[in-house]
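Engineer: Below you'll find work-v4.cif; it's mmCIF, C-alpha atoms.
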data_query
loop_
_atom_site.label_atom_id
_atom_site.label_comp_id
_atom_site.auth_asym_id
_atom_site.auth_seq_id
_atom_site.Cartn_x
_atom_site.Cartn_y
_atom_site.Cartn_z
CA MET A 1 266.69 146.16 65.15
CA LEU A 2 267.66 148.28 68.15
CA PHE A 3 264.05 149.44 68.41
CA LEU A 4 262.76 145.86 68.34
CA ARG A 5 265.21 144.73 71.01
CA SER A 6 264.31 147.70 73.20
CA LEU A 7 260.63 146.91 72.72
CA SER A 8 261.32 143.27 73.59
CA LEU A 9 263.04 144.34 76.81
CA ILE A 10 260.10 146.53 77.80
CA VAL A 11 257.60 143.77 77.01
CA GLY A 12 259.62 141.20 78.95
CA LEU A 13 259.93 143.40 82.03
CA ALA A 14 256.22 144.28 81.89
CA VAL A 15 255.21 140.61 81.60
CA VAL A 16 257.42 139.58 84.52
CA ALA A 17 256.18 142.45 86.71
CA PHE A 18 252.55 141.69 85.83
CA LEU A 19 252.98 138.01 86.63
CA LEU A 20 254.70 138.63 89.96
CA GLY A 21 251.98 141.08 90.95
CA SER A 22 249.27 138.59 90.06
CA ALA A 23 250.98 135.75 91.95
CA LEU A 24 251.47 137.89 95.04
CA LYS A 25 247.84 139.05 94.98
CA THR A 26 246.68 135.46 94.59
CA VAL A 27 248.77 133.87 97.33
CA VAL A 28 250.54 136.35 99.62
CA LEU A 29 248.10 139.27 99.77
CA PRO A 30 244.77 137.89 98.53
CA GLN A 31 242.03 140.46 98.10
CA GLU A 32 238.32 140.15 97.41
CA GLY A 33 237.81 138.77 93.91
CA PHE A 34 240.11 137.23 91.33
CA PRO A 35 243.33 138.87 90.08
CA ARG A 36 243.17 139.46 86.33
CA LEU A 37 245.43 136.61 85.26
CA SER A 38 243.79 134.13 87.60
CA GLN A 39 240.37 135.23 86.37
CA ALA A 40 241.40 134.65 82.75
CA VAL A 41 242.83 131.20 83.52
CA PHE A 42 239.76 130.09 85.48
CA ALA A 43 237.45 131.36 82.72
CA LEU A 44 239.42 129.50 80.05
CA ILE A 45 239.40 126.21 82.00
CA HIS A 46 235.67 126.60 82.64
CA ARG A 47 234.96 126.97 78.92
CA LEU A 48 237.07 123.92 78.14
CA MET A 49 235.54 121.63 80.77
CA VAL A 50 231.98 122.76 81.56
CA HIS A 51 229.27 122.71 78.89
CA ASP A 52 225.52 122.90 79.40
CA ARG A 53 224.92 120.35 76.65
CA GLN A 54 226.84 117.62 78.42
CA GLU A 55 224.98 114.64 79.79
CA ARG A 56 223.78 115.16 83.35
CA ARG A 57 226.15 112.67 84.99
CA ARG A 58 229.15 113.61 82.88
CA GLY A 59 228.42 117.32 83.22
CA SER A 60 228.26 117.01 87.00
CA ALA A 61 231.61 115.19 87.04
CA MET A 62 233.25 117.82 84.85
CA ARG A 63 231.91 120.65 87.01
CA SER A 64 233.31 118.88 90.06
CA LEU A 65 236.74 118.69 88.44
CA TYR A 66 236.71 122.25 87.13
CA ALA A 67 237.91 124.08 90.25
CA PRO A 68 240.72 121.63 91.19
CA VAL A 69 241.97 121.49 87.59
CA ALA A 70 241.88 125.28 87.28
CA LEU A 71 243.73 125.68 90.56
CA VAL A 72 246.50 123.25 89.59
CA SER A 73 246.76 124.81 86.13
CA LEU A 74 247.40 128.28 87.52
CA PRO A 75 251.03 127.68 88.62
CA LEU A 76 251.78 126.09 85.25
CA ILE A 77 250.50 129.23 83.53
CA TRP A 78 252.70 131.29 85.82
CA MET A 79 255.75 129.31 84.74
CA PHE A 80 254.93 129.67 81.04
CA VAL A 81 254.38 133.42 81.37
CA ILE A 82 257.64 133.91 83.30
CA ALA A 83 259.54 131.87 80.69
CA PHE A 84 258.08 134.03 77.91
CA GLY A 85 258.94 137.26 79.73
CA PHE A 86 262.57 136.31 80.31
CA MET A 87 262.84 134.96 76.77
CA CYS A 88 262.07 138.49 75.57
CA ILE A 89 264.63 139.90 78.00
CA PHE A 90 267.35 137.50 76.83
CA TRP A 91 266.62 138.23 73.18
CA SER A 92 266.85 141.97 73.81
CA SER A 93 270.45 141.54 75.04
CA GLY A 94 271.60 140.87 71.44
CA SER A 95 273.50 138.01 69.70
CA MET A 96 270.79 135.52 70.68
CA SER A 97 268.16 133.94 68.46
CA TRP A 98 264.64 133.40 69.66
CA GLN A 99 265.31 129.68 69.97
CA LYS A 100 268.43 130.20 72.06
CA SER A 101 266.65 132.77 74.21
CA PHE A 102 263.84 130.30 74.83
CA GLU A 103 266.28 127.52 75.77
CA VAL A 104 268.21 129.74 78.19
CA SER A 105 265.01 131.04 79.76
CA VAL A 106 263.53 127.58 80.33
CA SER A 107 266.88 126.24 81.56
CA SER A 108 267.21 129.08 84.07
CA LEU A 109 263.61 128.91 85.26
CA THR A 110 263.68 125.16 85.88
CA THR A 111 267.32 125.25 87.15
CA LEU A 112 268.09 122.28 84.88
CA GLY A 113 271.15 123.97 83.39
CA PHE A 114 270.98 122.42 79.92
CA ALA A 115 271.56 125.85 78.30
CA GLU A 116 274.03 128.29 79.83
CA PRO A 117 274.04 132.04 79.11
CA THR A 118 277.24 133.91 78.33
CA GLY A 119 278.27 137.25 79.73
CA THR A 120 277.91 138.74 83.18
CA VAL A 121 274.62 140.51 82.47
CA ARG A 122 272.95 137.40 81.03
CA ILE A 123 274.20 135.26 83.92
CA ALA A 124 272.74 137.78 86.37
CA VAL A 125 269.41 137.72 84.55
CA ALA A 126 269.47 133.91 84.59
CA PHE A 127 270.12 133.98 88.34
CA ILE A 128 267.14 136.30 88.86
CA GLU A 129 264.89 134.06 86.77
CA ALA A 130 266.01 130.94 88.66
CA THR A 131 265.28 132.69 91.95
CA ILE A 132 261.82 133.67 90.73
CA GLY A 133 261.19 130.09 89.59
CA LEU A 134 262.09 128.73 93.01
CA GLY A 135 259.90 131.39 94.59
CA LEU A 136 256.92 130.33 92.47
CA VAL A 137 257.47 126.73 93.55
CA ALA A 138 257.53 127.88 97.18
CA LEU A 139 254.30 129.82 96.63
CA LEU A 140 252.72 126.72 95.13
CA ILE A 141 253.80 124.61 98.09
CA SER A 142 252.18 127.08 100.48
CA TYR A 143 249.15 127.87 98.29
CA LEU A 144 247.71 124.39 97.86
CA PRO A 145 247.76 123.49 101.58
CA THR A 146 246.10 126.83 102.34
CA ILE A 147 243.32 126.08 99.90
CA TYR A 148 242.93 122.55 101.25
CA SER A 149 242.81 123.80 104.84
CA ALA A 150 240.07 126.30 103.95
CA TYR A 151 238.17 123.62 102.04
CA ASN A 152 238.52 121.18 104.94
CA ASN A 153 237.18 123.71 107.44
CA ARG A 154 234.17 124.35 105.21
CA GLU A 155 233.46 120.63 104.91
CA LYS A 156 233.86 120.18 108.64
CA GLY A 157 231.15 122.76 109.24
CA ILE A 158 228.83 120.98 106.81
CA PHE A 159 229.35 117.60 108.49
CA MET A 160 228.72 119.10 111.92
CA LEU A 161 225.42 120.61 110.81
CA SER A 162 224.14 117.83 108.54
CA PRO A 163 222.81 115.67 111.42
CA ILE A 164 221.02 118.75 112.74
CA ALA A 165 219.73 120.27 109.50
CA GLY A 166 218.93 117.01 107.71
CA THR A 167 219.78 115.75 104.23
CA PRO A 168 218.87 117.79 102.30
CA PRO A 169 218.85 120.52 104.95
CA ASN A 170 215.55 122.21 105.76
CA VAL A 171 214.37 124.70 108.34
CA THR A 172 211.85 122.44 110.07
CA THR A 173 214.34 119.66 110.73
CA PHE A 174 216.97 122.18 111.81
CA LEU A 175 214.79 123.83 114.45
CA SER A 176 213.23 120.55 115.59
CA THR A 177 216.63 118.96 116.21
CA LEU A 178 217.89 122.01 118.05
CA TYR A 179 214.81 121.97 120.24
CA ARG A 180 215.11 118.27 121.09
CA THR A 181 218.81 118.57 121.90
CA GLY A 182 218.32 121.70 123.96
CA ALA A 183 220.62 123.73 121.72
CA LEU A 184 218.04 126.17 120.36
CA ASP A 185 218.87 128.78 123.00
CA SER A 186 222.47 127.64 123.47
CA ALA A 187 224.89 130.54 123.07
CA GLU A 188 227.75 128.10 122.54
CA PHE A 189 226.06 126.45 119.54
CA TRP A 190 225.37 129.72 117.77
CA ARG A 191 228.85 131.01 118.61
CA THR A 192 230.36 127.93 116.94
CA GLN A 193 228.28 128.45 113.82
CA THR A 194 229.21 132.13 113.76
CA ASP A 195 232.89 131.18 113.80
CA TRP A 196 232.27 128.86 110.83
CA ILE A 197 230.50 131.67 108.99
CA ILE A 198 233.38 134.09 109.58
CA ASP A 199 235.95 131.52 108.43
CA ALA A 200 233.94 130.90 105.26
CA GLU A 201 233.79 134.60 104.51
CA GLN A 202 237.53 135.12 104.97
CA THR A 203 238.54 132.16 102.83
CA HIS A 204 235.93 132.40 100.07
CA THR A 205 236.45 136.11 99.52
CA ALA A 206 240.26 135.81 99.54
CA PHE A 207 240.18 132.68 97.33
CA PRO A 208 236.97 132.88 95.27
CA ILE A 209 237.85 129.65 93.44
CA LEU A 210 236.75 127.88 96.65
CA THR A 211 233.18 128.80 95.78
CA TYR A 212 233.40 126.41 92.83
CA PHE A 213 234.95 123.56 94.82
CA PRO A 214 232.46 120.67 95.11
CA GLU A 215 231.52 119.13 98.42
CA ALA A 216 233.00 115.81 99.49
CA HIS A 217 229.52 114.23 99.27
CA ALA A 218 227.14 114.98 96.43
CA ASN A 219 224.04 115.13 98.66
CA LEU A 220 225.54 117.87 100.84
CA SER A 221 225.86 121.56 100.03
CA TRP A 222 227.58 124.33 101.94
CA VAL A 223 225.26 126.86 100.30
CA ALA A 224 222.14 124.93 101.36
CA THR A 225 223.52 124.38 104.87
CA LEU A 226 224.42 128.03 105.35
CA GLY A 227 221.13 129.17 103.84
CA THR A 228 219.08 126.84 106.02
CA MET A 229 220.81 128.09 109.14
CA LEU A 230 220.14 131.71 108.16
CA ASP A 231 216.52 130.93 107.29
CA ALA A 232 216.01 129.18 110.62
CA ALA A 233 217.53 132.14 112.46
CA ALA A 234 215.38 134.56 110.44
CA LEU A 235 212.25 132.56 111.26
CA VAL A 236 213.01 132.59 114.98
CA VAL A 237 213.61 136.34 114.95
CA SER A 238 210.55 137.03 112.80
CA ALA A 239 208.28 135.00 115.09
CA SER A 240 209.56 136.72 118.22
CA GLU A 241 206.97 138.78 120.08
CA THR A 242 209.68 141.24 121.13
CA ASN A 243 209.77 144.53 119.27
CA ALA A 244 212.54 144.62 116.70
CA SER A 245 214.13 147.68 118.30
CA ASP A 246 214.18 146.13 121.79
CA VAL A 247 216.60 143.67 123.34
CA LEU A 248 215.64 140.15 122.32
CA GLY A 249 215.30 137.21 124.65
CA ASP A 250 217.85 134.43 125.12
CA ALA A 251 216.17 132.22 122.50
CA GLU A 252 216.50 134.95 119.87
CA LYS A 253 219.96 136.33 120.68
CA GLY A 254 221.89 133.42 119.20
CA PRO A 255 219.96 133.38 115.90
CA LEU A 256 220.27 137.17 115.66
CA ILE A 257 224.07 136.98 116.03
CA ALA A 258 224.15 134.37 113.26
CA LEU A 259 222.19 136.75 111.04
CA VAL A 260 224.44 139.70 111.89
CA TYR A 261 227.47 137.84 110.54
CA GLY A 262 225.74 135.55 108.05
CA MET A 263 223.89 138.16 105.96
CA PRO A 264 227.01 140.12 104.93
CA THR A 265 228.99 136.88 104.54
CA VAL A 266 226.71 135.53 101.80
CA ASP A 267 226.74 138.92 100.10
CA ARG A 268 230.54 139.29 100.15
CA ILE A 269 231.19 135.76 98.91
CA ALA A 270 228.83 136.32 95.99
CA ARG A 271 230.44 139.68 95.18
CA ALA A 272 233.91 138.10 95.29
CA ALA A 273 232.68 135.65 92.64
CA SER A 274 231.72 138.68 90.47
CA VAL A 275 227.95 138.41 90.97
CA PRO A 276 226.23 141.79 90.32
CA LEU A 277 224.34 142.75 93.47
CA GLU A 278 222.78 145.88 94.84
CA PRO A 279 224.09 147.16 98.19
CA ALA A 280 222.79 144.91 100.95
CA PRO A 281 220.93 146.62 103.82
CA GLY A 282 222.51 146.42 107.24
CA LEU A 283 220.84 145.35 110.46
CA ILE A 284 219.99 148.91 111.50
CA GLU A 285 218.41 149.64 108.12
CA LEU A 286 216.40 146.42 108.31
CA THR A 287 215.16 147.41 111.75
CA THR A 288 213.67 150.59 110.31
CA HIS A 289 211.90 148.57 107.60
CA LEU A 290 210.50 146.17 110.19
CA ALA A 291 208.56 149.04 111.71
CA GLY A 292 205.75 148.82 109.15
CA ASP A 293 206.94 148.72 105.54
CA PRO A 294 205.20 146.15 103.30
CA ALA A 295 206.98 142.87 102.70
CA PRO A 296 209.46 142.92 99.80
CA GLU A 297 209.47 140.30 97.06
CA ILE A 298 211.66 137.27 97.82
CA SER A 299 212.04 133.77 96.41
CA VAL A 300 210.21 132.17 99.37
CA SER A 301 206.43 132.49 99.16
CA LYS A 302 204.23 133.50 102.05
CA GLU A 303 202.46 130.13 101.92
CA GLU A 304 205.77 128.27 102.27
CA TYR A 305 206.72 130.40 105.23
CA LEU A 306 203.38 129.94 107.00
CA ASP A 307 203.52 126.16 106.51
CA VAL A 308 206.92 125.98 108.18
CA LEU A 309 205.83 128.44 110.88
CA ALA A 310 202.85 126.23 111.69
CA ALA A 311 205.13 123.17 111.92
CA VAL A 312 207.59 124.83 114.32
CA ARG A 313 205.03 126.80 116.34
CA PRO A 314 205.06 124.30 119.27
CA ILE A 315 208.87 124.20 119.17
CA LEU A 316 209.20 127.95 119.51
CA GLY A 317 206.46 128.12 122.13
CA LEU A 318 204.36 130.50 120.08
CA GLY A 319 200.87 131.30 121.31
CA ASN A 320 197.67 131.70 119.34
CA ASP A 321 197.94 135.47 119.52
CA LEU A 322 200.88 135.49 117.06
CA ASP A 323 200.12 137.57 113.97
CA PRO A 324 201.20 135.45 110.95
CA ASP A 325 201.08 138.41 108.59
CA GLU A 326 203.37 140.46 110.80
CA SER A 327 205.77 137.54 111.19
CA TRP A 328 205.85 137.03 107.44
CA ARG A 329 206.57 140.69 106.83
CA ARG A 330 209.49 140.64 109.25
CA PHE A 331 210.84 137.42 107.79
CA ALA A 332 210.60 138.77 104.24
CA TRP A 333 212.63 141.86 105.13
CA VAL A 334 215.35 139.83 106.84
CA ARG A 335 215.47 137.29 104.00
CA SER A 336 215.63 140.04 101.38
CA SER A 337 219.10 141.00 102.60
CA TYR A 338 220.59 137.65 101.55
CA ASP A 339 217.99 136.18 99.16
CA ARG A 340 219.71 137.05 95.88
CA PRO A 341 223.28 136.40 97.08
CA LEU A 342 222.19 132.99 98.36
CA ARG A 343 220.43 132.11 95.11
CA SER A 344 223.41 133.21 93.04
CA LEU A 345 225.77 131.00 95.05
CA ALA A 346 223.32 128.13 94.60
CA GLY A 347 223.48 128.77 90.85
CA ILE A 348 227.28 128.77 90.86
CA THR A 349 227.60 125.55 92.85
CA ARG A 350 224.64 123.81 91.16
CA ALA A 351 224.13 121.72 94.27
CA HIS A 352 221.32 119.25 94.84
CA GLY A 353 217.97 120.85 95.58
CA ALA A 354 217.20 121.77 99.18
CA PRO A 355 214.06 123.67 100.29
CA TRP A 356 214.30 127.48 100.21
CA THR A 357 217.94 127.47 99.07
CA THR A 358 219.38 125.42 96.21
CA ASP A 359 215.96 124.37 94.88
CA ARG A 360 215.43 127.90 93.51
CA ALA A 361 218.93 128.72 92.31
CA ALA A 362 219.47 131.65 89.96
CA ARG A 363 221.01 130.87 86.57
CA VAL A 364 224.55 132.20 86.67
CA GLY A 365 226.59 132.49 83.48
CA ARG A 366 230.18 131.51 82.80
CA PRO A 367 233.09 133.22 84.58
CA ARG A 368 234.25 136.32 82.75
CA PHE A 369 237.74 136.66 81.35
CA TRP A 370 237.96 140.09 82.97
CA ARG A 371 236.82 140.76 86.49
CA ARG A 372 235.37 144.19 85.68
CA ARG A 373 232.49 142.56 83.87
CA PRO A 374 230.05 140.97 86.32
CA LEU A 375 228.59 137.54 85.72
CA PRO A 376 225.31 137.37 83.79
CA VAL A 377 222.52 136.24 86.12
CA ASP A 378 218.91 135.27 85.46
CA TRP A 379 217.00 135.96 88.68
CA THR A 380 213.75 134.30 87.58
CA VAL A 381 212.49 132.08 90.40
CA ARG A 382 212.17 128.46 89.29
CA VAL A 383 211.45 126.08 92.16
CA THR A 384 212.66 122.56 91.45
CA PRO A 385 211.57 119.56 93.55
CA PRO A 386 214.15 118.52 96.15
CA ASP A 387 216.30 115.57 95.16
CA PRO A 388 215.18 112.38 96.92
CA VAL A 389 217.43 111.06 99.63
CA PRO A 390 218.87 107.66 98.61
CA SER A 391 217.22 104.92 100.62
CA ARG A 392 219.19 102.16 102.28
CA PRO A 393 218.84 98.74 100.64
CA SER A 394 216.69 96.33 102.55
CA ASP A 395 218.27 93.23 103.99
#
Rewrite the coordinates I just gave you, this time as structure tokens.

Structural biologist:
Amino acid sequence: MLFLRSLSLIVGLAVVAFLLGSALKTVVLPQEGFPRLSQAVFALIHRLMVHDRQERRRGSAMRSLYAPVALVSLPLIWMFVIAFGFMCIFWSSGSMSWQKSFEVSVSSLTTLGFAEPTGTVRIAVAFIEATIGLGLVALLISYLPTIYSAYNNREKGIFMLSPIAGTPPNVTTFLSTLYRTGALDSAEFWRTQTDWIIDAEQTHTAFPILTYFPEAHANLSWVATLGTMLDAAALVVSASETNASDVLGDAEKGPLIALVYGMPTVDRIARAASVPLEPAPGLIELTTHLAGDPAPEISVSKEEYLDVLAAVRPILGLGNDLDPDESWRRFAWVRSSYDRPLRSLAGITRAHGAPWTTDRAARVGRPRFWRRRPLPVDWTVRVTPPDPVPSRPSD
């Protein structure tokens, strides 16, 4: 019996220490990716709520509820785990049944006081558990507003860009609107979008569950909006007549800055969600490839690129001496740095189809119970027609 009580004490202390470490990593010191306990909880909720065989409308609703339900369930799991850990600790002190240990643990954790421990040591343990319980409540109070603030900032960026990029967003509309409003070569516009990109990276890598949070409006997508902005910037840079190793003009500087921050952002967010990706090339490495290497394989075809290039040629002030093959090669190399990360995020969010982004989403499997195992991903390119924009009823 002494051995069992000693083992119970060790198990209880280990469970409490593991839980506190997980809670602190989730809320106080968030790192890239999910902590183990959070990963297991999110994976369990996903398997309970999201099924591929569900009807389209019902499945979409359940996927929309998945992330909020998983997030709210996490503190409840914390409380159950803490109660179990201290139950083991109370039972190891002797002269307590499992039932009594459970009652004292729950009473101490919730500070309800319906079961009082006896003895100085047990009272001290109960005080520690009550303090931890109050601390978890405080973490919850601070955690949820933090998540909501990050979500609100992401949605704000989408709403600011939706009149510019269109619904669904596409490169032609994006560049045309910027040209007509005089913002194409505006450093302030691109600086604002860069700030939004940096905020998205910080929040979505620290709290990867945000990646699964649905947009406020079903016909909008943060993945499609971000991807369209990067594609538009890549097209401007690829169509520039300036050598890639030289200083670009004012019209290309803003888009290039967006690419400098946007390419690693998409990659890091996808990695934080446990998507298996090869190391993404940096800007300097891409510059060496732009010198003459053949175009890599990407999800956007050369014909699609040339059609958009022809549509925006007057906007960008491109002359007839522009080499389309050279522009395509440069675009393909830039796009290759974020093509797979963007498609994987489109597969995770399952947003409505938008050209070049969410209309060719990769098929991403269910969240893993353990973070060390990356998500299964099918990278086969399947282009789906963009969802039609709902028309306004006639009077």

Engineer: Using Å and a single decimal, report how far atom CA of Gln193 of chain A sits from atom CA of Tyr305 of chain A.

Structural biologist: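 Pair atom CA of Tyr305 of chain A / atom CA of Gln193 of chain A returns 23.3 Å.
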
Engineer: Would you mind reading off the distance between atom CA of Arg368 of chain A and atom CA of Leu37 of chain A, one decimal, in Å?

Structural biologist: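 Between atom CA of Arg368 of chain A and atom CA of Leu37 of chain A the gap is 11.5 Å.
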
Engineer: Expand the PyMOL selection byres ((chain A and resi 217-225) around 8) into the individual residues it matches in the shown file, reporting them as an MDAnalysis selection string.

Structural biologist: chainID A and resid 154:155 158 161:162 165 167:169 214:216 226:229 342 345:346 349 351:352 354 357:358 389

Engineer: Looking at A:Ala115, A:Ala40, A:Ile77, A:Leu9, which one is nearest to Phe90 of chain A, with distances taken over all atoms listed in the file?

Structural biologist: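 Nearest to Phe90 of chain A: A:Leu9.
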
Engineer: Using all atoms listed in the file, determine which residues lie at most 7 Å from Ala239 of chain A, disregarding the query and same-chain residues fewer than 3 positions distant; provide the list as a list in words.

Structural biologist: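 Here the answer would be Leu235, Val236 and Ser327 of chain A.
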
Engineer: From the list A:Met79, A:Leu136, A:Ala362, A:Leu286, which residue is nearest Ser299 of chain A when using only C-alpha atoms?

Structural biologist: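 Checking each candidate against Ser299 of chain A, we get A:Ala362 as the closest.
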
Engineer: Which one is closest to Ser238 of chain A: A:Glu326, A:Phe18, A:Ser95, A:Thr265? Count all atoms listed in the file.

Structural biologist: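 Ranked by minimum distance to Ser238 of chain A, first place goes to A:Glu326.
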
Engineer: To test your reading of the syntax: which residues would the PyMOL selection byres ((chain A and resi 152) around 12) return for the file shown? Reply as an mmCIF file with C-alpha atoms, keeping the file's coordinate frame.

Structural biologist:
data_model
loop_
_atom_site.group_PDB
_atom_site.id
_atom_site.type_symbol
_atom_site.label_atom_id
_atom_site.label_comp_id
_atom_site.auth_asym_id
_atom_site.auth_seq_id
_atom_site.Cartn_x
_atom_site.Cartn_y
_atom_site.Cartn_z
ATOM 1 C CA PRO A 145 247.760 123.490 101.580
ATOM 2 C CA THR A 146 246.100 126.830 102.340
ATOM 3 C CA ILE A 147 243.320 126.080 99.900
ATOM 4 C CA TYR A 148 242.930 122.550 101.250
ATOM 5 C CA SER A 149 242.810 123.800 104.840
ATOM 6 C CA ALA A 150 240.070 126.300 103.950
ATOM 7 C CA TYR A 151 238.170 123.620 102.040
ATOM 8 C CA ASN A 153 237.180 123.710 107.440
ATOM 9 C CA ARG A 154 234.170 124.350 105.210
ATOM 10 C CA GLU A 155 233.460 120.630 104.910
ATOM 11 C CA LYS A 156 233.860 120.180 108.640
ATOM 12 C CA GLY A 157 231.150 122.760 109.240
ATOM 13 C CA ILE A 158 228.830 120.980 106.810
ATOM 14 C CA PHE A 159 229.350 117.600 108.490
ATOM 15 C CA TRP A 196 232.270 128.860 110.830
ATOM 16 C CA ASP A 199 235.950 131.520 108.430
ATOM 17 C CA ALA A 200 233.940 130.900 105.260
ATOM 18 C CA THR A 203 238.540 132.160 102.830
ATOM 19 C CA LEU A 210 236.750 127.880 96.650
ATOM 20 C CA PHE A 213 234.950 123.560 94.820
ATOM 21 C CA PRO A 214 232.460 120.670 95.110
ATOM 22 C CA GLU A 215 231.520 119.130 98.420
ATOM 23 C CA ALA A 216 233.000 115.810 99.490
ATOM 24 C CA TRP A 222 227.580 124.330 101.940
#

Engineer: Taking only C-alpha atoms into account, which of A:Ala272, A:Leu44, A:Ala295, A:Leu230 comes nearest Trp356 of chain A?

Structural biologist: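 Counting only C-alpha atoms, the residue closest to Trp356 of chain A is A:Leu230.
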
Engineer: Considering all atoms listed in the file, return as a PDB file with C-alpha atoms, in the coordinates of the input whatever protein or nucleic-acid residues lie within 9 Å of Ala270 of chain A, sequence-local ones (same chain, fewer than 6 positions apart) excluded.

Structural biologist:
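Result saved to out-v1.pdb:
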ATOM      1  CA  THR A 205     236.450 136.110  99.520  1.00  0.00           C
ATOM      2  CA  PRO A 208     236.970 132.880  95.270  1.00  0.00           C
ATOM      3  CA  THR A 211     233.180 128.800  95.780  1.00  0.00           C
ATOM      4  CA  PRO A 276     226.230 141.790  90.320  1.00  0.00           C
ATOM      5  CA  LEU A 277     224.340 142.750  93.470  1.00  0.00           C
ATOM      6  CA  PRO A 341     223.280 136.400  97.080  1.00  0.00           C
ATOM      7  CA  LEU A 342     222.190 132.990  98.360  1.00  0.00           C
ATOM      8  CA  SER A 344     223.410 133.210  93.040  1.00  0.00           C
ATOM      9  CA  LEU A 345     225.770 131.000  95.050  1.00  0.00           C
TER      10      LEU A 345
END

Engineer: Write out as a ChimeraX atom specification each polymer residue whose atoms come within 6 Å of Ser22 of chain A, counting all atoms listed in the file; drop sequence neighbours fewer than 3 positions from it.

Structural biologist: /A:19,25,35

Engineer: Starting from the displayed file, determine the output of the PyMOL selection byres ((chain A and resi 233) around 12) and express the residue list as a PyMOL selection string.

Structural biologist: chain A and resi 171-172+174-175+178+184-185+190+193-194+226-232+234-240+251-263+316+331+334-335

Engineer: Would you compute the distance between atom CA of Glu188 of chain A and atom CA of Ala280 of chain A? Give it in Å to one decimal.

Structural biologist: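 Straight-line distance from atom CA of Glu188 of chain A to atom CA of Ala280 of chain A works out to 27.8 Å.
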